[in-house]
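Step one of this worksheet: look at the structure below.
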Amino acid sequence: MTKDLTAGHPLKIIFNFAVPVFFGYLFQQFYNLVDTIIVGQFLGVDALAAVGSTGSLNFFLIGFCMGVCSGFAIPVAQRFGAQDFTSMRQFVFNSWVLIGIISFSMALLTTIFCRSMLSLLKTPENIIGMAHSYFVVILGGIPVILFYNFLAGIIRSVGDSKTPLYFLLISAVLNIGLDLLFIAVFRTGISGAAWATVISQGFSGLLCFFYMKKKFEILRIRKEDKILSTKRMFTLLGIGIPMGLQYSITAVGSVILQWSVNLLGSVYVAAMVTAQKISIFFSTPFDALGTTMATYAGQNVGAKKIERLNPGLFWGCVIGFLYSVSALIILYFFTDNLASLFISKNESPEVIGEVMKNVFYALMANGSTYFLLALVNEVRFMIQGMGFSRLAIFAGLAELVGRSVIAIFLVPIFGFQGAVLASPLAWVLADSFLIPAYFASRKKLIKMLK
């Protein structure tokens, strides 16, 4: 059931591994996408804006947790590449302990301060109540969300990228059904969409747990593996925390940008969230390539096959650039069709027209620079898989600077048209740091192994 990424042509290996990961991430984004479509169609633009107003905070908090999970999977991938299965299981056990502490602590604190965080972001008064009722459920479900992402990361780290996809497919269908049941039938309002997300992801986590326990003999925790090791915990935290902070630091820029867009009014918030949902959906392949490169690098570093890193990164970039062109073409011709999925026809023609126009501006700005995002994800995750995850923090700081400059200086002058330049500038700055950092890390790794 495992897959060795340390042998064979990098293009074939990376492509075959990345495709199931891509569809897995696609269905994970499908949760939020379906939530947004159903909320927009059944509950209106204000409800749609309420969901969108939580997006940057969601990225900040949930992104940190997911980054930690991805980081915890890297030592597992490295030990798998080195064929050291006893040490690998001990890392899995210590990860479980840390995940439990982190997830429940974050869930408790964030649910208590949920409304305060939304107020700090200047969430419009007409939607803050709905935003709170949605977001507090998502925050309370942090342990469930981490449960799935951690297990999926461990399964991928030993080369199985298909099984998490199958389980997410099942839970995506469940999510759609629960969305319609809670919102359209039970009339639970906006909180029903959040409950559907948490329940569905919890179900996929349970499927991963029982599958891993039954199918992966090398991952079954034995009595002798249950050793609380401060050394292994520090190793895990040394990789996981910087990866989590990288997500959070990046998200701080998104939070600042969200604050500046919130001041423009709910129509612009609705346009931003619609564009973000569509853009996230189209940028999912870059996330899949990033996860693939982390596993590829982790296994090859564990096997001491450093000569495979450069060819792997090259072919990963080729795949990313070809997709970038395809995505831009699709967005150019079908933005109106995609945006109409989110906007209720009951809204006035003026509101619909204004939202549609601004969605197009945002998607063209992002889509035309997707090749920069491809580089950000692949190089950053490659560095993390090599064991230099602390460098990712500086890339996150570069993205923070880019988005903050736009939010503070351009949005007050140019409004929404200024806001759409935030991501492209953030990606340029991140790439400017990551590319030389990768070659420096590879050089250092060669010296360490010698």
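Just so we're on the same page: first chain in the structure tokens is A, next is B, and so on; residues restart at 1 for each chain, and ligands are numbered from 1 in the order they show up.
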
- [ ] Determine, counting only C-alpha atoms, which protein, DNA and RNA residues have an atom within 7 Å of an atom of Ala275 (chain A); residues of the same chain fewer than 6 positions away are not included. Present the result as a list in words.
- [x] Val359, Ala362 and Leu363 of chain A

May I have the residues from that selection written out with N, CA, C and O atoms, as a PDB file, in the first residue's frame?
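Result saved to out_5.pdb:
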```pdb
ATOM      1  N   VAL A 359     -15.512  40.806  -9.386  1.00  0.00           N
ATOM      2  CA  VAL A 359     -15.017  39.424  -9.396  1.00  0.00           C
ATOM      3  C   VAL A 359     -14.080  39.217 -10.587  1.00  0.00           C
ATOM      4  O   VAL A 359     -13.018  38.597 -10.471  1.00  0.00           O
ATOM      5  N   ALA A 362     -10.627  40.764 -10.002  1.00  0.00           N
ATOM      6  CA  ALA A 362      -9.830  39.988  -9.057  1.00  0.00           C
ATOM      7  C   ALA A 362      -9.272  38.714  -9.691  1.00  0.00           C
ATOM      8  O   ALA A 362      -8.096  38.369  -9.508  1.00  0.00           O
ATOM      9  N   LEU A 363     -10.118  38.005 -10.440  1.00  0.00           N
ATOM     10  CA  LEU A 363      -9.682  36.740 -11.028  1.00  0.00           C
ATOM     11  C   LEU A 363      -8.655  36.942 -12.135  1.00  0.00           C
ATOM     12  O   LEU A 363      -7.748  36.110 -12.312  1.00  0.00           O
TER      13      LEU A 363
END
```

Open item on the list: Need to verify the contact set: Ser204 (chain A), 10 Å, only C-alpha atoms, exclusion of same-chain residues closer than 6 positions in sequence. Can you return it as a list in words?
Closed with: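 Once the adjacent positions are removed, what remains is Val144, Ile145, Phe147, Tyr148, Asn149, Leu151, Ala152, Pro164, Leu165, Tyr166, Phe167, Leu168, Leu169, Ile170, Ser171, Ala172 and Leu174 of chain A.
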
The selected residues should be written to file as a CSV table (one decimal), in the first residue's frame (atoms: all heavy atoms).
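Result file follows (result.csv):
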```
chain,number,residue,atom,x,y,z
A,144,VAL,N,-11.6,18.2,15.0
A,144,VAL,CA,-12.0,17.3,14.0
A,144,VAL,C,-11.3,17.5,12.7
A,144,VAL,O,-10.8,16.6,12.0
A,144,VAL,CB,-13.5,17.5,13.7
A,144,VAL,CG1,-14.0,16.7,12.5
A,144,VAL,CG2,-14.3,17.0,15.0
A,145,ILE,N,-11.1,18.8,12.3
A,145,ILE,CA,-10.4,19.2,11.1
A,145,ILE,C,-8.9,18.7,11.2
A,145,ILE,O,-8.4,18.2,10.2
A,145,ILE,CB,-10.4,20.7,10.9
A,145,ILE,CG1,-11.9,21.1,10.7
A,145,ILE,CG2,-9.6,21.2,9.8
A,145,ILE,CD1,-12.1,22.6,10.7
A,147,PHE,N,-7.8,16.2,13.0
A,147,PHE,CA,-7.9,14.8,13.0
A,147,PHE,C,-7.7,14.2,11.5
A,147,PHE,O,-6.9,13.3,11.3
A,147,PHE,CB,-9.2,14.3,13.6
A,147,PHE,CG,-9.4,12.8,13.6
A,147,PHE,CD1,-8.6,12.0,14.3
A,147,PHE,CD2,-10.5,12.3,13.0
A,147,PHE,CE1,-8.8,10.6,14.4
A,147,PHE,CE2,-10.8,10.9,13.0
A,147,PHE,CZ,-9.9,10.1,13.7
A,148,TYR,N,-8.5,14.8,10.6
A,148,TYR,CA,-8.5,14.3,9.2
A,148,TYR,C,-7.1,14.7,8.6
A,148,TYR,O,-6.4,13.9,8.0
A,148,TYR,CB,-9.6,14.9,8.4
A,148,TYR,CG,-9.3,14.7,6.9
A,148,TYR,CD1,-9.3,13.4,6.3
A,148,TYR,CD2,-8.8,15.7,6.1
A,148,TYR,CE1,-9.0,13.2,5.0
A,148,TYR,CE2,-8.4,15.5,4.8
A,148,TYR,CZ,-8.5,14.3,4.3
A,148,TYR,OH,-8.1,14.1,3.0
A,149,ASN,N,-6.7,16.0,8.7
A,149,ASN,CA,-5.5,16.4,8.0
A,149,ASN,C,-4.3,15.7,8.5
A,149,ASN,O,-3.4,15.5,7.7
A,149,ASN,CB,-5.4,17.9,8.1
A,149,ASN,CG,-6.4,18.7,7.2
A,149,ASN,OD1,-6.1,18.8,6.0
A,149,ASN,ND2,-7.5,19.1,7.7
A,151,LEU,N,-4.1,12.6,9.8
A,151,LEU,CA,-4.1,11.2,9.3
A,151,LEU,C,-3.8,11.2,7.7
A,151,LEU,O,-3.1,10.3,7.3
A,151,LEU,CB,-5.4,10.6,9.6
A,151,LEU,CG,-5.7,10.3,11.0
A,151,LEU,CD1,-7.1,9.8,11.3
A,151,LEU,CD2,-4.8,9.2,11.5
A,152,ALA,N,-4.4,12.1,7.0
A,152,ALA,CA,-4.2,12.1,5.6
A,152,ALA,C,-2.7,12.4,5.3
A,152,ALA,O,-2.2,11.8,4.3
A,152,ALA,CB,-5.1,13.2,4.9
A,164,PRO,N,-6.7,9.0,0.7
A,164,PRO,CA,-7.4,10.2,1.2
A,164,PRO,C,-8.3,10.8,0.2
A,164,PRO,O,-9.4,11.4,0.6
A,164,PRO,CB,-6.2,11.1,1.5
A,164,PRO,CG,-5.0,10.2,1.8
A,164,PRO,CD,-5.2,9.1,0.8
A,165,LEU,N,-8.0,10.7,-1.1
A,165,LEU,CA,-8.9,11.2,-2.1
A,165,LEU,C,-10.3,10.4,-2.1
A,165,LEU,O,-11.3,11.1,-2.1
A,165,LEU,CB,-8.3,11.0,-3.5
A,165,LEU,CG,-9.2,11.0,-4.7
A,165,LEU,CD1,-9.9,12.4,-4.8
A,165,LEU,CD2,-8.5,10.6,-6.0
A,166,TYR,N,-10.2,9.1,-2.0
A,166,TYR,CA,-11.5,8.3,-2.0
A,166,TYR,C,-12.4,8.7,-0.8
A,166,TYR,O,-13.6,8.9,-0.9
A,166,TYR,CB,-11.2,6.8,-1.9
A,166,TYR,CG,-10.3,6.4,-3.1
A,166,TYR,CD1,-9.4,5.3,-2.9
A,166,TYR,CD2,-10.5,6.9,-4.3
A,166,TYR,CE1,-8.6,4.9,-3.9
A,166,TYR,CE2,-9.7,6.5,-5.4
A,166,TYR,CZ,-8.8,5.4,-5.2
A,166,TYR,OH,-8.0,5.0,-6.2
A,167,PHE,N,-11.7,8.9,0.4
A,167,PHE,CA,-12.5,9.3,1.6
A,167,PHE,C,-13.1,10.7,1.5
A,167,PHE,O,-14.2,10.9,2.0
A,167,PHE,CB,-11.7,9.1,2.8
A,167,PHE,CG,-11.3,7.7,3.1
A,167,PHE,CD1,-10.1,7.4,3.8
A,167,PHE,CD2,-12.0,6.6,2.6
A,167,PHE,CE1,-9.7,6.1,4.1
A,167,PHE,CE2,-11.6,5.3,2.9
A,167,PHE,CZ,-10.5,5.0,3.6
A,168,LEU,N,-12.3,11.6,0.9
A,168,LEU,CA,-12.8,12.9,0.8
A,168,LEU,C,-14.0,13.0,-0.2
A,168,LEU,O,-14.9,13.8,-0.1
A,168,LEU,CB,-11.7,13.9,0.3
A,168,LEU,CG,-11.0,14.6,1.5
A,168,LEU,CD1,-9.9,15.5,0.9
A,168,LEU,CD2,-12.0,15.5,2.3
A,169,LEU,N,-13.9,12.2,-1.3
A,169,LEU,CA,-15.0,12.1,-2.2
A,169,LEU,C,-16.3,11.7,-1.5
A,169,LEU,O,-17.4,12.3,-1.8
A,169,LEU,CB,-14.7,11.1,-3.3
A,169,LEU,CG,-15.7,10.8,-4.4
A,169,LEU,CD1,-16.1,12.1,-5.1
A,169,LEU,CD2,-15.3,9.8,-5.4
A,170,ILE,N,-16.2,10.7,-0.7
A,170,ILE,CA,-17.4,10.3,0.1
A,170,ILE,C,-17.9,11.4,1.0
A,170,ILE,O,-19.1,11.7,1.0
A,170,ILE,CB,-17.0,9.0,0.9
A,170,ILE,CG1,-16.7,7.8,0.0
A,170,ILE,CG2,-18.2,8.7,1.9
A,170,ILE,CD1,-16.1,6.7,0.8
A,171,SER,N,-17.0,12.1,1.7
A,171,SER,CA,-17.5,13.1,2.6
A,171,SER,C,-17.9,14.4,1.9
A,171,SER,O,-18.7,15.1,2.4
A,171,SER,CB,-16.3,13.4,3.6
A,171,SER,OG,-15.2,13.9,2.9
A,172,ALA,N,-17.4,14.6,0.6
A,172,ALA,CA,-17.9,15.8,-0.1
A,172,ALA,C,-19.4,15.6,-0.5
A,172,ALA,O,-20.2,16.5,-0.4
A,172,ALA,CB,-17.0,15.9,-1.4
A,174,LEU,N,-21.4,13.7,1.2
A,174,LEU,CA,-22.1,13.9,2.5
A,174,LEU,C,-22.3,15.4,2.8
A,174,LEU,O,-23.4,15.8,3.3
A,174,LEU,CB,-21.4,13.2,3.6
A,174,LEU,CG,-21.9,13.3,5.0
A,174,LEU,CD1,-23.3,12.7,5.1
A,174,LEU,CD2,-20.9,12.7,6.0
```

Task: Near-region 256-266 of chain A list (9 Å; only C-alpha atoms; drop same-chain fewer than 2 positions) as a PyMOL selection string - done: chain A and resi 45-46+49-50+53-56+120-124+126-127+251-254+268-272+400+403-404+406-408+411-412+415-416+419+422

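Across the model, the gap from CA of Gly244 (chain A) to CA of Phe381 (chain A) is 12.4 Å.
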
Task: Length of the CA of Thr111 (chain A) to CA of Val136 (chain A) vector [Å] - done: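 Between CA of Thr111 (chain A) and CA of Val136 (chain A) the gap is 5.5 Å.
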
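Of the listed residues (A:Met212, A:Leu139, A:Leu108, A:Leu236), A:Leu236 comes nearest to Gln90 (chain A); the distances count only C-alpha atoms.
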
- [ ] For region 305-311 of chain A, work out the shell of residues within 10 Å, counting only C-alpha atoms and skipping chain neighbours fewer than 3 positions away, then give it as an MDAnalysis selection string.
- [x] chainID A and resid 6:11 81 293 296:302 314:317 382 386 438:439 442:443 445:446 449

Same residues, C-alpha atoms, saved as a PDB file, in the first residue's frame:
```pdb
ATOM      1  CA  THR A   6      13.138   7.635  -4.406  1.00  0.00           C
ATOM      2  CA  ALA A   7      13.353   5.688  -7.696  1.00  0.00           C
ATOM      3  CA  GLY A   8      12.061   6.276 -11.232  1.00  0.00           C
ATOM      4  CA  HIS A   9      11.729   9.323 -13.481  1.00  0.00           C
ATOM      5  CA  PRO A  10      10.732  12.378 -11.385  1.00  0.00           C
ATOM      6  CA  LEU A  11       8.109  13.586 -13.893  1.00  0.00           C
ATOM      7  CA  GLY A  81      12.655   6.885   2.952  1.00  0.00           C
ATOM      8  CA  MET A 293       7.190  18.084  -3.463  1.00  0.00           C
ATOM      9  CA  TYR A 296       9.222  13.719  -2.649  1.00  0.00           C
ATOM     10  CA  ALA A 297      11.957  15.767  -0.968  1.00  0.00           C
ATOM     11  CA  GLY A 298      11.408  14.118   2.434  1.00  0.00           C
ATOM     12  CA  GLN A 299      11.731  10.574   1.116  1.00  0.00           C
ATOM     13  CA  ASN A 300      14.751  11.358  -1.091  1.00  0.00           C
ATOM     14  CA  VAL A 301      16.573  13.207   1.682  1.00  0.00           C
ATOM     15  CA  GLY A 302      15.874  10.265   3.994  1.00  0.00           C
ATOM     16  CA  PHE A 314      12.235  21.224 -12.499  1.00  0.00           C
ATOM     17  CA  TRP A 315       9.504  18.820 -13.603  1.00  0.00           C
ATOM     18  CA  GLY A 316       7.191  20.005 -10.874  1.00  0.00           C
ATOM     19  CA  CYS A 317       7.567  23.565 -12.164  1.00  0.00           C
ATOM     20  CA  MET A 382      10.538  21.412  -1.309  1.00  0.00           C
ATOM     21  CA  MET A 386      14.431  18.883   2.959  1.00  0.00           C
ATOM     22  CA  TYR A 438      16.314  26.554  -2.037  1.00  0.00           C
ATOM     23  CA  PHE A 439      19.766  26.442  -3.654  1.00  0.00           C
ATOM     24  CA  ARG A 442      20.503  22.131  -1.024  1.00  0.00           C
ATOM     25  CA  LYS A 443      24.152  23.168  -0.788  1.00  0.00           C
ATOM     26  CA  LEU A 445      22.338  19.617   2.916  1.00  0.00           C
ATOM     27  CA  ILE A 446      25.090  18.206   0.695  1.00  0.00           C
ATOM     28  CA  LEU A 449      25.567  14.528   4.483  1.00  0.00           C
TER      29      LEU A 449
END
```

Open item on the list: Let's see if you can do this: from backbone DSSP, list all alpha helix (DSSP H) residues in region 156-336 of chain A, as a ChimeraX atom specification.
Closed with: /A:156-157,163-179,190-215,230-262,266-282,284-302,309-336

Task: Non-local contacts of Ser191 (chain A) (9 Å; only C-alpha atoms; under 3 positions in same chain excluded) as a PyMOL selection string - done: chain A and resi 130-137+182-183+188+194-196

Writer output for current selection, N, CA, C and O atoms, as a PDB file, in the first residue's frame:
```
ATOM      1  N   MET A 130     -24.394  36.943  11.839  1.00  0.00           N
ATOM      2  CA  MET A 130     -24.354  35.738  11.003  1.00  0.00           C
ATOM      3  C   MET A 130     -22.935  35.180  10.916  1.00  0.00           C
ATOM      4  O   MET A 130     -22.724  33.966  10.950  1.00  0.00           O
ATOM      5  N   ALA A 131     -21.953  36.082  10.795  1.00  0.00           N
ATOM      6  CA  ALA A 131     -20.561  35.643  10.707  1.00  0.00           C
ATOM      7  C   ALA A 131     -20.153  34.882  11.965  1.00  0.00           C
ATOM      8  O   ALA A 131     -19.477  33.848  11.900  1.00  0.00           O
ATOM      9  N   HIS A 132     -20.594  35.374  13.126  1.00  0.00           N
ATOM     10  CA  HIS A 132     -20.262  34.706  14.388  1.00  0.00           C
ATOM     11  C   HIS A 132     -20.911  33.327  14.473  1.00  0.00           C
ATOM     12  O   HIS A 132     -20.255  32.348  14.866  1.00  0.00           O
ATOM     13  N   SER A 133     -22.169  33.221  14.117  1.00  0.00           N
ATOM     14  CA  SER A 133     -22.861  31.934  14.230  1.00  0.00           C
ATOM     15  C   SER A 133     -22.249  30.889  13.302  1.00  0.00           C
ATOM     16  O   SER A 133     -22.280  29.686  13.597  1.00  0.00           O
ATOM     17  N   TYR A 134     -21.666  31.333  12.183  1.00  0.00           N
ATOM     18  CA  TYR A 134     -20.987  30.403  11.264  1.00  0.00           C
ATOM     19  C   TYR A 134     -19.603  30.027  11.789  1.00  0.00           C
ATOM     20  O   TYR A 134     -19.248  28.850  11.902  1.00  0.00           O
ATOM     21  N   PHE A 135     -18.817  31.050  12.151  1.00  0.00           N
ATOM     22  CA  PHE A 135     -17.407  30.830  12.445  1.00  0.00           C
ATOM     23  C   PHE A 135     -17.189  30.105  13.766  1.00  0.00           C
ATOM     24  O   PHE A 135     -16.235  29.328  13.911  1.00  0.00           O
ATOM     25  N   VAL A 136     -18.055  30.318  14.743  1.00  0.00           N
ATOM     26  CA  VAL A 136     -17.856  29.685  16.046  1.00  0.00           C
ATOM     27  C   VAL A 136     -17.987  28.167  15.939  1.00  0.00           C
ATOM     28  O   VAL A 136     -17.315  27.406  16.658  1.00  0.00           O
ATOM     29  N   VAL A 137     -18.811  27.683  15.013  1.00  0.00           N
ATOM     30  CA  VAL A 137     -18.937  26.236  14.796  1.00  0.00           C
ATOM     31  C   VAL A 137     -17.661  25.693  14.147  1.00  0.00           C
ATOM     32  O   VAL A 137     -17.156  24.628  14.535  1.00  0.00           O
ATOM     33  N   PHE A 182     -29.663  20.893   6.305  1.00  0.00           N
ATOM     34  CA  PHE A 182     -29.663  21.877   7.388  1.00  0.00           C
ATOM     35  C   PHE A 182     -30.242  23.226   6.957  1.00  0.00           C
ATOM     36  O   PHE A 182     -31.026  23.841   7.689  1.00  0.00           O
ATOM     37  N   ILE A 183     -29.839  23.704   5.763  1.00  0.00           N
ATOM     38  CA  ILE A 183     -30.231  25.051   5.342  1.00  0.00           C
ATOM     39  C   ILE A 183     -31.615  25.079   4.693  1.00  0.00           C
ATOM     40  O   ILE A 183     -32.454  25.916   5.038  1.00  0.00           O
ATOM     41  N   THR A 188     -31.758  26.000   9.465  1.00  0.00           N
ATOM     42  CA  THR A 188     -30.819  26.339  10.541  1.00  0.00           C
ATOM     43  C   THR A 188     -30.042  27.620  10.260  1.00  0.00           C
ATOM     44  O   THR A 188     -29.296  28.095  11.124  1.00  0.00           O
ATOM     45  N   ALA A 194     -21.779  25.443   8.424  1.00  0.00           N
ATOM     46  CA  ALA A 194     -20.591  25.134   9.215  1.00  0.00           C
ATOM     47  C   ALA A 194     -20.684  23.734   9.812  1.00  0.00           C
ATOM     48  O   ALA A 194     -19.715  22.962   9.805  1.00  0.00           O
ATOM     49  N   TRP A 195     -21.870  23.377  10.330  1.00  0.00           N
ATOM     50  CA  TRP A 195     -22.050  22.031  10.893  1.00  0.00           C
ATOM     51  C   TRP A 195     -21.848  20.959   9.825  1.00  0.00           C
ATOM     52  O   TRP A 195     -21.255  19.910  10.087  1.00  0.00           O
ATOM     53  N   ALA A 196     -22.320  21.220   8.612  1.00  0.00           N
ATOM     54  CA  ALA A 196     -22.144  20.255   7.527  1.00  0.00           C
ATOM     55  C   ALA A 196     -20.654  20.034   7.238  1.00  0.00           C
ATOM     56  O   ALA A 196     -20.215  18.899   7.017  1.00  0.00           O
TER      57      ALA A 196
END
```

Task: Nearest residue to Gln201 (chain A) from the set A:Val420, A:Ala426, A:Ile249, A:Val173 (distances using only C-alpha atoms) - done: A:Val173
